[in-house]
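Report on one structure; see the data block that follows.
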Amino acid sequence: MKNRLKKASAMMLAITLLFGWMTVPVHADDPPLFTIESENAQLTSDLQVVTEIYGQPKPGFSGTGFVWMQNSGTITFTVTVPETGMYAISTRYMQELSPDGRLQYLTVNGITKGSYMLPYTTAWSNYDFGFHKLNKGSNTIQVKAGWGFAYFDTFTVDHADLDPLDVQPVLTDPAATPETQLLMNYLTEVYGNHIISGQQEIYGGGNDGNTELEFEWIHNLSGKYPAIRGFDFMNYNPLYGWEDGTTARMIDWVNTRGGIATASWHINVPRKFDTYQLGDFVDWKEATYKPTETNFNTANAVIPGTKEYQYVMLTIEDLAEQLQILQDNGVPVIFRPYHEAEGNGGLNGEGAWFWWASAGADVYKQLWDLLYTELTETYDLHNLIWTYNSYVYSTSPAWYPGDDKVDLVGYDKYNTIYNRYDGLSGVPNEDAITSIFYQLVDLTDGKKMVAMTENDTVPSVQNLTEEKSGWLYFCPWYGEHLMSPAFNDPATLKTLYQSDYVITLDELPDLKVDAGTPSASITPAHVEFDKYAPHQSDQTITVNANGNTLTALRSGTNALTAAQDYTLSGSTLLLKKEFLSQLPVGQHSIILDFNQGQDPVLKVSIIDSTPSASLSLTNATFDQAVNLQQDIPLTLTLNGHQLTSITNGNYTLIPGQDYTASNASVVLNKGYLSSLPLSQNTITFHFSGGNDAILTVNVVDSSVPAATGDLTIQAFNGNTSASTNGISPKFKLINSGNSAISLNDVKLRYYYTIDGEEDQNFWSDWASIGSANVTSKFVKLAAPAAGADHYLEVGFTTAAGTLAPGQSAEIQTRFSKTDWSNYNQADDYSFQASGSQFANHEQVTGYLNDQLVWGIEP
């Protein structure tokens with residue numbers, strides 16, 4: 001509806017100018033704000049400026065050399081920036097010691113900003129330290145060795161290219177109630193422009209039954225009430241459940257006081273679950289949500305027929321009863337179940353704080369799916385905005401339940417006493433934790449809003465606005481977390497609540513749907529648009545205004561321009577192809593904003609059937625034998641696109657040096673090809689549109705004599721589940737010949753099907769010759785075979801040494817997809833479902849000097 005935000009547009013512009021909210025446009029072809037050669041920075045005496053390492057040149061650096069950081073030292077430089085705000089800090093580096101990465105520390109203006117793991121790379125590559133706040137004028141930046149052993153070429157500081165925070169008001173539940181959709185519309189309007197104030201109430205009869213204590217404290221301080229009130233459904237449970245008035249207070253807060261309700265669910269399990277009988281009364285002292293205090297087996301909770309599963313269904317039934325009351329009273333809920341799942345981090349539940357996460361990420365997602373399906377389908381509840389609590393560990397993406405069952409991402413900020421990086425202590429931590437915010441934005445590629453769903457100290461309005469930290473709302477925990485000056489400075493909190501940037505209860509619009517007011521409708525409610533130029537067409541929608549007046553059309557927070565993006569003639573709305581063609585591929589919502597009633601939403605599916613560019617070759621062989629080296633020429637079928645770049649892993653090929661391009665022809669130069677390692681190399685061609693094209697180059701060297709010596713490979717699988725998000729092969733290499741074998745000449749290949757194209761990660765958990773001496777590469781087969789479309793190639797550095805006759809080396813490995821989706825091992829060529837001891841394994845192949853000496857290739 002028109003003017004949902006009580007802040008006028010003019011005031012919004014004034015606030016934007018006052019706080020510098022408008023970012024400096026960053027374009028790919030703009031030079032960076034600041035770049036310094038590492039050798040020109042301030043270096044401690046234990047660092048060296050070099051051009052080679054142990055006699056081996058490292059060409060490709062800029063300037064006169066690069067800085068070799070070993071196990072100590074700091075690199076310091078200063079940068080002057082024009083305005084206080086967020087800036088991106090990055091380095092050009094090489095780290096060829098540890099496949100698992102090397103830890104370093106970043107400090108900005110004397111404050112440690114955290115530890116950073118530099119990935120393994122044998123080519124000069126870029127590493128992003130993320131976004132950090134710099135002050136107008138001079139700033140000091142320092143990189144300090146953690147584990148060290150990296151080479152640094154340059155450091156760059158540039159304006160942060162921040163996500164636009166343009167989220168579509170599309171709920172995962174297509175049957176959402178009108179009130180729930182209206183609330184979602186409002187939240188997406190606010191997101192990135194304001195922060196909504198919130199406060200968690202105490203539960204279970206705390207504060208001597210005074211649930212208003214924190215709210216009146218805020219009002220006495222600032223003259224304002226928070227707009228969002230946090231509730232908890234924990235007391236509605238099958239054990240000791242009792243009516244504490246939570247549901248009634250939620251109805252009052254939303255329907256009488258005009259606020260927004262959010263709710264968590266600290267649902268308990270019996271401590272002694274093995275002796276518990278379903279339906280029995282259990283005193284609250286004998287119930288817990290901590291995994292260390294119960295023998296409840298969470299892994300069984302998603303298996304129908306188990307007692308754990310039946311118990312979970314009882315908890316859902318009790319919850320659904322209260323949610324039904326809320327739905328009947330027109331109350332939407334920002335619902336945050338099974339929160340803080342990762343705890344202290346860990347993929348398998350080892351860091352879990354709550355029972356629902358103790359069985360690991362896969363079970364947790366199944367538990368989320370079960371709850372979502374039961375509430376929306378079995379109990380027909382559609383008044384929920386599903387909120388998932390995330391963190392920013394390396395394992396965090398593995399816990400995410402998926403875009404189809406999450407509407408909003410939350411983060412619980414507790415860093416005033418612990419986990420703070422502002423260099424202070426004993427005072428409230430008013431940091432806006434902006435770097436964390438944008439990491440959470442990236443978790444869903446910007447498709448979901450991000451909120452501070454719990455916190456101790458509320459960030460200051462200055463930090464929030466200067467850092468462009470777009471948290472949707474904040475919600476301090478009750479008691480001392482809000483009211484103690486150790487956590488919140490009253491003056492800062494008062495300034496925040498009284499600022500125009502913060503939305504309080506009195507500034508919320510009317511979020512109720514008047515059943516007596518006729519609403520407009522549209523036909524159809526869903527259209528599809530193809531970006532392929534010959535298929536593009538305007539989309540026609542019939543509008544039944546039902547006596548209302550159309551005031552605007554919106555895509556996210558952007559208003560469409562009449563005559564340019566659309567036309568309205570009588571009841572015919574025409575969305576122009578020029579507008580639709582600018583939308584990215586995916587699902588979008590166009591909101592028709594009427595002066596009253598429920599606003600209809602047009603779902604728009606954007607597809608692109610534009611033919612992709614292609615190569616004349618998909619496979620080629622390059623022989624490194626000096627007299628046989630040849631360029632590889634290719635012809636491109638562009639289909640209207642342009643070649644933009646060519647990459648090999650993290651390395652971008654240099655035109656004129658590594659290849660030449662003319663019109664629709666490309667020649668890969670033999671000088672570059674001769675630098676590639678033996679085996680299959682994936683060269684990716686990137687175009688201005690459509691899909692990338694892949695050329696697999698098999699690099700051989702026919703001048704290398706055939707290998708001498710024998711090699712036997714034994715193996716077994718550490719994880720024998722048919723479906724798993726991690727494959728865990730364990731290898732033993734045995735020199736069964738009569739002469740020593742250099743491990744640097746050895747490669748192993750484990751064959752499998754990837755079951756979904758995703759990037760992959762590799763870990764060497766333990767190796768008798770040292771995990772740092774183990775290398776890895778994922779290779780896609782040019783022609784899939786039975787049980788294999790990829791293989792993992794394991795190799796060794798020169799530091800791995802040699803195997804004397806009769807000697808063996810053991811390597812325990814793991815690999816997974818970056819999105820932690822499952823593999824089906826059952827049909828993998830190299831997989832063995834049985835066996836837990838090393839045994840000869842011919843489905844794992846071994847190579848000496850790239851010649852097959854063990855096993856059978858698929």
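Order determines the names: the first chain of the structure tokens is A, the second B, and so forth; residues in each chain are numbered 1 upward, and ligands are numbered 1 upward as they are shown.
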
* Members of segment 46-91 of chain A assigned strand (DSSP E or B) by DSSP, as number ranges by chain -> A: 48-50, 52-53, 56-57, 66-69, 74-81, 85-91

* Could you pull the residues within 9 Å of Leu695 of chain A, counting only C-alpha atoms, minus those fewer than 5 positions along the same chain, as a PyMOL selection string? -> chain A and resi 615+617-620+681-685

With all heavy atoms retained, export the selected residues as a CSV table (one decimal), in the first residue's frame.
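Written out: out.csv:
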```
chain,number,residue,atom,x,y,z
A,615,LEU,N,33.1,-24.2,-28.5
A,615,LEU,CA,34.4,-24.4,-29.1
A,615,LEU,C,34.5,-25.5,-30.1
A,615,LEU,O,33.7,-26.4,-30.1
A,615,LEU,CB,35.4,-24.8,-28.0
A,615,LEU,CG,35.5,-23.9,-26.7
A,615,LEU,CD1,36.5,-24.4,-25.7
A,615,LEU,CD2,35.9,-22.4,-27.1
A,617,LEU,N,36.8,-27.5,-30.3
A,617,LEU,CA,37.4,-28.7,-29.7
A,617,LEU,C,36.9,-28.7,-28.2
A,617,LEU,O,36.7,-27.7,-27.6
A,617,LEU,CB,38.9,-28.7,-29.7
A,617,LEU,CG,39.6,-28.8,-31.0
A,617,LEU,CD1,41.1,-28.6,-30.8
A,617,LEU,CD2,39.4,-30.1,-31.7
A,618,THR,N,36.7,-29.9,-27.7
A,618,THR,CA,36.4,-30.0,-26.2
A,618,THR,C,37.6,-30.8,-25.6
A,618,THR,O,37.7,-30.7,-24.3
A,618,THR,CB,35.1,-30.8,-26.0
A,618,THR,OG1,35.1,-32.0,-26.6
A,618,THR,CG2,33.9,-29.9,-26.5
A,619,ASN,N,38.4,-31.5,-26.4
A,619,ASN,CA,39.5,-32.2,-25.8
A,619,ASN,C,40.7,-32.0,-26.8
A,619,ASN,O,40.5,-32.0,-28.0
A,619,ASN,CB,39.2,-33.7,-25.7
A,619,ASN,CG,38.2,-34.0,-24.6
A,619,ASN,OD1,38.5,-34.1,-23.5
A,619,ASN,ND2,36.9,-34.1,-25.1
A,620,ALA,N,41.9,-31.9,-26.2
A,620,ALA,CA,43.1,-31.8,-27.0
A,620,ALA,C,44.3,-32.4,-26.2
A,620,ALA,O,44.2,-32.4,-25.0
A,620,ALA,CB,43.4,-30.3,-27.4
A,681,ASN,N,44.2,-30.9,-17.9
A,681,ASN,CA,44.0,-29.6,-17.4
A,681,ASN,C,42.8,-29.0,-18.0
A,681,ASN,O,42.5,-29.1,-19.2
A,681,ASN,CB,45.2,-28.7,-17.8
A,681,ASN,CG,46.5,-29.2,-17.2
A,681,ASN,OD1,46.9,-28.6,-16.2
A,681,ASN,ND2,47.2,-30.2,-17.7
A,682,THR,N,42.0,-28.3,-17.2
A,682,THR,CA,40.7,-27.7,-17.6
A,682,THR,C,40.9,-26.3,-17.9
A,682,THR,O,41.2,-25.5,-17.0
A,682,THR,CB,39.6,-27.9,-16.5
A,682,THR,OG1,39.5,-29.3,-16.3
A,682,THR,CG2,38.3,-27.3,-17.0
A,683,ILE,N,40.7,-25.9,-19.2
A,683,ILE,CA,40.8,-24.5,-19.6
A,683,ILE,C,39.4,-24.0,-19.8
A,683,ILE,O,38.6,-24.6,-20.6
A,683,ILE,CB,41.6,-24.3,-20.9
A,683,ILE,CG1,42.9,-25.1,-20.8
A,683,ILE,CG2,41.8,-22.9,-21.2
A,683,ILE,CD1,43.9,-24.5,-19.8
A,684,THR,N,39.0,-22.9,-19.1
A,684,THR,CA,37.6,-22.4,-19.2
A,684,THR,C,37.5,-21.1,-20.0
A,684,THR,O,38.2,-20.2,-19.7
A,684,THR,CB,37.0,-22.2,-17.8
A,684,THR,OG1,37.1,-23.4,-17.0
A,684,THR,CG2,35.6,-21.8,-17.8
A,685,PHE,N,36.6,-21.1,-21.0
A,685,PHE,CA,36.4,-19.9,-21.8
A,685,PHE,C,35.2,-19.2,-21.3
A,685,PHE,O,34.1,-19.8,-21.3
A,685,PHE,CB,36.3,-20.3,-23.3
A,685,PHE,CG,37.5,-20.8,-23.9
A,685,PHE,CD1,38.1,-22.1,-23.5
A,685,PHE,CD2,38.2,-20.1,-24.8
A,685,PHE,CE1,39.2,-22.5,-24.1
A,685,PHE,CE2,39.4,-20.5,-25.4
A,685,PHE,CZ,39.9,-21.8,-25.1
```

* To do: Write out as number ranges by chain all residues of segment 208-315 of chain A that backbone DSSP assigns to helix (DSSP H, G or I).
  => A: 208-209, 213-222, 246-256, 284-286, 291-293, 298-302, 307-315

* To do: Write out as a list in words the residues lying within 8 Å of Glu179 of chain A, counting only C-alpha atoms and excluding same-chain residues fewer than 4 positions away.
  => Leu183, Gly330, Val331, Pro332, Asn383, Leu511, Lys512 and Val513 of chain A

* Excluding segment 313-326 of chain A and any residue of its chain fewer than 6 positions from it, enumerate the residues within 8 Å of it, using only C-alpha atoms, and give them as a PyMOL selection string. => chain A and resi 233+236-238+247+250-251+267+332+371+374-375+379+381+383

Grab the residues selected above and save them as a PDB file, in the first residue's frame with N, CA and C atoms.
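As written to disk, out_6.pdb reads:
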```pdb
ATOM      1  N   PHE A 233       8.296 -20.019  22.483  1.00  0.00           N
ATOM      2  CA  PHE A 233       7.247 -21.041  22.650  1.00  0.00           C
ATOM      3  C   PHE A 233       7.694 -22.199  23.545  1.00  0.00           C
ATOM      4  N   TYR A 236       5.257 -24.409  25.823  1.00  0.00           N
ATOM      5  CA  TYR A 236       4.228 -25.256  25.226  1.00  0.00           C
ATOM      6  C   TYR A 236       4.921 -26.534  24.745  1.00  0.00           C
ATOM      7  N   ASN A 237       4.994 -27.529  25.623  1.00  0.00           N
ATOM      8  CA  ASN A 237       5.744 -28.743  25.282  1.00  0.00           C
ATOM      9  C   ASN A 237       5.081 -29.967  25.898  1.00  0.00           C
ATOM     10  N   PRO A 238       5.422 -31.176  25.438  1.00  0.00           N
ATOM     11  CA  PRO A 238       4.757 -32.402  25.919  1.00  0.00           C
ATOM     12  C   PRO A 238       5.218 -32.871  27.294  1.00  0.00           C
ATOM     13  N   THR A 247       1.112 -16.820  23.880  1.00  0.00           N
ATOM     14  CA  THR A 247       0.285 -16.636  22.689  1.00  0.00           C
ATOM     15  C   THR A 247      -0.640 -15.434  22.838  1.00  0.00           C
ATOM     16  N   MET A 250       1.328 -12.294  22.354  1.00  0.00           N
ATOM     17  CA  MET A 250       1.649 -12.069  20.939  1.00  0.00           C
ATOM     18  C   MET A 250       0.472 -11.428  20.217  1.00  0.00           C
ATOM     19  N   ILE A 251      -0.737 -11.924  20.487  1.00  0.00           N
ATOM     20  CA  ILE A 251      -1.934 -11.353  19.861  1.00  0.00           C
ATOM     21  C   ILE A 251      -2.103  -9.896  20.282  1.00  0.00           C
ATOM     22  N   ILE A 267      12.761 -25.670  22.550  1.00  0.00           N
ATOM     23  CA  ILE A 267      12.028 -26.891  22.881  1.00  0.00           C
ATOM     24  C   ILE A 267      12.961 -27.889  23.582  1.00  0.00           C
ATOM     25  N   PRO A 332       0.874 -12.690  12.030  1.00  0.00           N
ATOM     26  CA  PRO A 332       2.039 -13.320  11.389  1.00  0.00           C
ATOM     27  C   PRO A 332       3.216 -13.355  12.361  1.00  0.00           C
ATOM     28  N   LEU A 371       9.934 -30.165  10.153  1.00  0.00           N
ATOM     29  CA  LEU A 371       9.130 -29.135  10.818  1.00  0.00           C
ATOM     30  C   LEU A 371       8.400 -28.281   9.791  1.00  0.00           C
ATOM     31  N   GLU A 374       5.546 -30.376   8.151  1.00  0.00           N
ATOM     32  CA  GLU A 374       4.452 -30.645   9.083  1.00  0.00           C
ATOM     33  C   GLU A 374       3.606 -29.393   9.328  1.00  0.00           C
ATOM     34  N   LEU A 375       4.245 -28.267   9.578  1.00  0.00           N
ATOM     35  CA  LEU A 375       3.483 -27.058   9.902  1.00  0.00           C
ATOM     36  C   LEU A 375       2.722 -26.522   8.696  1.00  0.00           C
ATOM     37  N   TYR A 379      -0.522 -29.269   9.178  1.00  0.00           N
ATOM     38  CA  TYR A 379      -1.318 -28.393  10.046  1.00  0.00           C
ATOM     39  C   TYR A 379      -1.842 -27.147   9.315  1.00  0.00           C
ATOM     40  N   LEU A 381      -0.574 -24.325   8.306  1.00  0.00           N
ATOM     41  CA  LEU A 381      -0.214 -23.058   8.925  1.00  0.00           C
ATOM     42  C   LEU A 381       0.609 -22.235   7.931  1.00  0.00           C
ATOM     43  N   ASN A 383       1.217 -18.604   8.442  1.00  0.00           N
ATOM     44  CA  ASN A 383       1.449 -17.280   9.012  1.00  0.00           C
ATOM     45  C   ASN A 383       2.890 -17.107   9.492  1.00  0.00           C
TER      46      ASN A 383
END
```

* **Spatial neighbours of segment 487-495 of chain A, max dist 9 Å, only C-alpha atoms, sep filter under 6 positions, as a list in words** =>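 Residues near the query, excluding close chain neighbours: Ile218, Leu221, Ser222, Gly223, Thr416, Ile417, Gly426, Val427, Pro428, Asn429, Glu430, Asp456, Thr457, Val458, Pro459, Ser460, Val461, Glu480 and His481 of chain A.
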
* To do: Tell me which protein, DNA and RNA residues are within 7 Å of Ile856 of chain A, counting only C-alpha atoms, leaving out same-chain ones fewer than 3 positions away, and put them as a list in words.
  =>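 Answer for this query is Glu842, Gln843 and Thr845 of chain A.
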
* Can you pull out every residue within 12 Å of Gly689 of chain A, counting only C-alpha atoms, but drop anything in the same chain fewer than 5 positions away, and send it as a list in words? =>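 Surrounding residues, per the criterion: Lys531, Tyr532, Pro584, Val585, Asp608, Ser609, Thr610, Pro611, Ser612, Ala613, Ser614, Leu638, Asn639, Gly640, His641, Gln642, Leu643 and Thr644 of chain A.
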
* Counting only C-alpha atoms, the residue of A:Gly570, A:Gly110, A:Gly63, A:Gly470 that sits nearest Thr76 of chain A ->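 Using only C-alpha atoms, the shortest distance to Thr76 of chain A belongs to A:Gly110.
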
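Picture a line from atom CA of Tyr497 of chain A to atom CA of Tyr438 of chain A; it runs 23.8 Å.
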
* Of the candidates A:Pro304, A:Thr395, A:Gly835, A:Trp368, which shows the shortest atom-to-atom distance to Asn344 of chain A, using only C-alpha atoms? ->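 The closest residue to Asn344 of chain A is A:Thr395.
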
* Residue nearest Ser264 of chain A - candidates A:Lys285, A:Lys224, A:Lys730, A:Arg229, atoms counted: only C-alpha atoms ->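 Under the stated criterion, the closest residue is A:Arg229.
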
* Asked: What is the distance, in Å and to one decimal place, between atom CA of Ser723 of chain A and atom CA of Gln832 of chain A?
  ->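 Computing the Euclidean distance for atom CA of Ser723 of chain A and atom CA of Gln832 of chain A yields 13.3 Å.
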
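Residue nearest Ala432 of chain A within the list A:Ala359, A:Gly85, A:Pro337, A:Asp328: A:Gly85 [criterion: smallest interatomic distance, only C-alpha atoms].
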
* Asked: So, counting only C-alpha atoms, which residue among A:Asn255, A:Asn419, A:Ser555, A:Thr376 is closest to Asp514 of chain A?
  -> A:Asn255
